[in-house]
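For reference, the structure discussed in these notes is given below.
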Amino acid sequence: MFTKIFSSQEIEAAAACLLAGELVAFPTETVYGLGAPIFFEPSIAKIFQVKNRPSDNPLIAHIADIQDVEKIAQELPSLFFSCVEHFFPGPLTLIVKKAPRVPAAVSGGRDTIALRMPDHKVALALIKEVGMPLVAPSANLSGKPSSTAVAHILEDFEGKIAGVIDGGPSPIGIESTVISLLDPKKPLLLRPGHLSSALLEEKLRVKIAQPDSLLPTLSPGVKYRHYAPKAKVILIYSLEALDLYLKKNKKVERRIFVPNSHNLYATFRQADKELCAEIILLMNGVQDPALINRISKTQ
Ligand code: TXA
Ligand code: MG
């Protein structure tokens, strides 16, 4: 299959591919997603197949209009609407009760659904053109770093999907924050993301419970090794320690960098392309909980 690169003006053609049952990757403000219309079961099966994604790892439904929610979710608590008011569109994913008509494969058989309204013109226009929400996991092979540019999508899916819309580099570069609203009295942080818990708590005036040992049951995605390059990732916390390490370990093909949300995945992918044996992350000064969470998954 030829993988077409659509420009951000070619929304209609990309939507036509999706409506014909093909997969198309598209930009969002966080990372690129690999899309399929939410009611197209064969397309959803294709997502799991091309990504090699475990079938119990549910997908996020991306909406363009808050009215879309009624078709795919039910029993929405008032906290859902305050989240929408403050943070939609944006890098926040909300877990609520699923409407029965949504195919079971979307949610890995659960009776819940993840909802997000991306803050990206191309993504919103595409969803509107398709005429229904798009389910989309991050557009990467399972276990590999997420894609933050078209080149990453081609690396993973060239010849396997119908197309990708080029929206340039992802503005944020790290995935959305996922919170569960299933118990609205006790919202739970299932995946830290670009939107911090502190900001959520401040705007929503509610305490967000932090992950505990139940997390892998509540959010299947977190139990898999993720976001990881092939090279060994080594964390070093001071320049002195780096100096010492380099003196002891000479002649190794490696990359050394200070990670941030914009360079993390791209540098992982680049290091693998260059067949580096190791990647050293200089961690002094790195404080972003989402970034630290993703880096911890490489260990
Ligand atoms: O920023 C993002 O969220 C990107 C862009 C493309 O929107 N998407 C993304 O999707 O990161 P994915 O599939 O790579 O991660 C979705 C996460 C997984 O950890 C998954 O387990 C969790 O959301 N999730 C999805 N539906 C869920 C549900 N019904 N209950 C609990 N967790 C769910
Ligand atoms: Mg992912």
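Each chain in the structure tokens gets a letter, A, B, ..., in the order shown, and its residues are numbered from 1; ligands are numbered from 1 in order too.
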Every residue of stretch 84-207 of chain A that DSSP places in helix (DSSP H, G or I), as a ChimeraX atom specification: /A:84-87,104-107,121-130,150-157,197-204
Env. residues ligand 2 / 7 Å / only C-alpha atoms and all ligand atoms / as a PyMOL selection string: chain A and resi 137-138+140+146
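Proximity of A:Ala15, A:Ala64, A:Ala151, A:Ile179 to ligand 1, computed with only C-alpha atoms and all ligand atoms, is greatest for A:Ile179.
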Selection: 12 Å around A:Glu274, only C-alpha atoms, excl. self and same-chain fewer than 2 positions, as a list of chain:residue names: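 Here the qualifying residues turn out to be A:Pro229, A:Lys230, A:Ala231, A:Glu253, A:Arg254, A:Arg255, A:Thr267, A:Phe268, A:Arg269, A:Gln270, A:Ala271, A:Asp272, A:Cys276, A:Ala277, A:Glu278, A:Ile279.
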Backbone-only DSSP, strand (DSSP E or B) members of stretch 99-218 of chain A, as a ChimeraX atom specification: /A:112-116,134-135,138,163-165,177-180,188-191,209
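Atom CA of A:Asp156 lies 24.2 Å from atom CA of A:Thr177.
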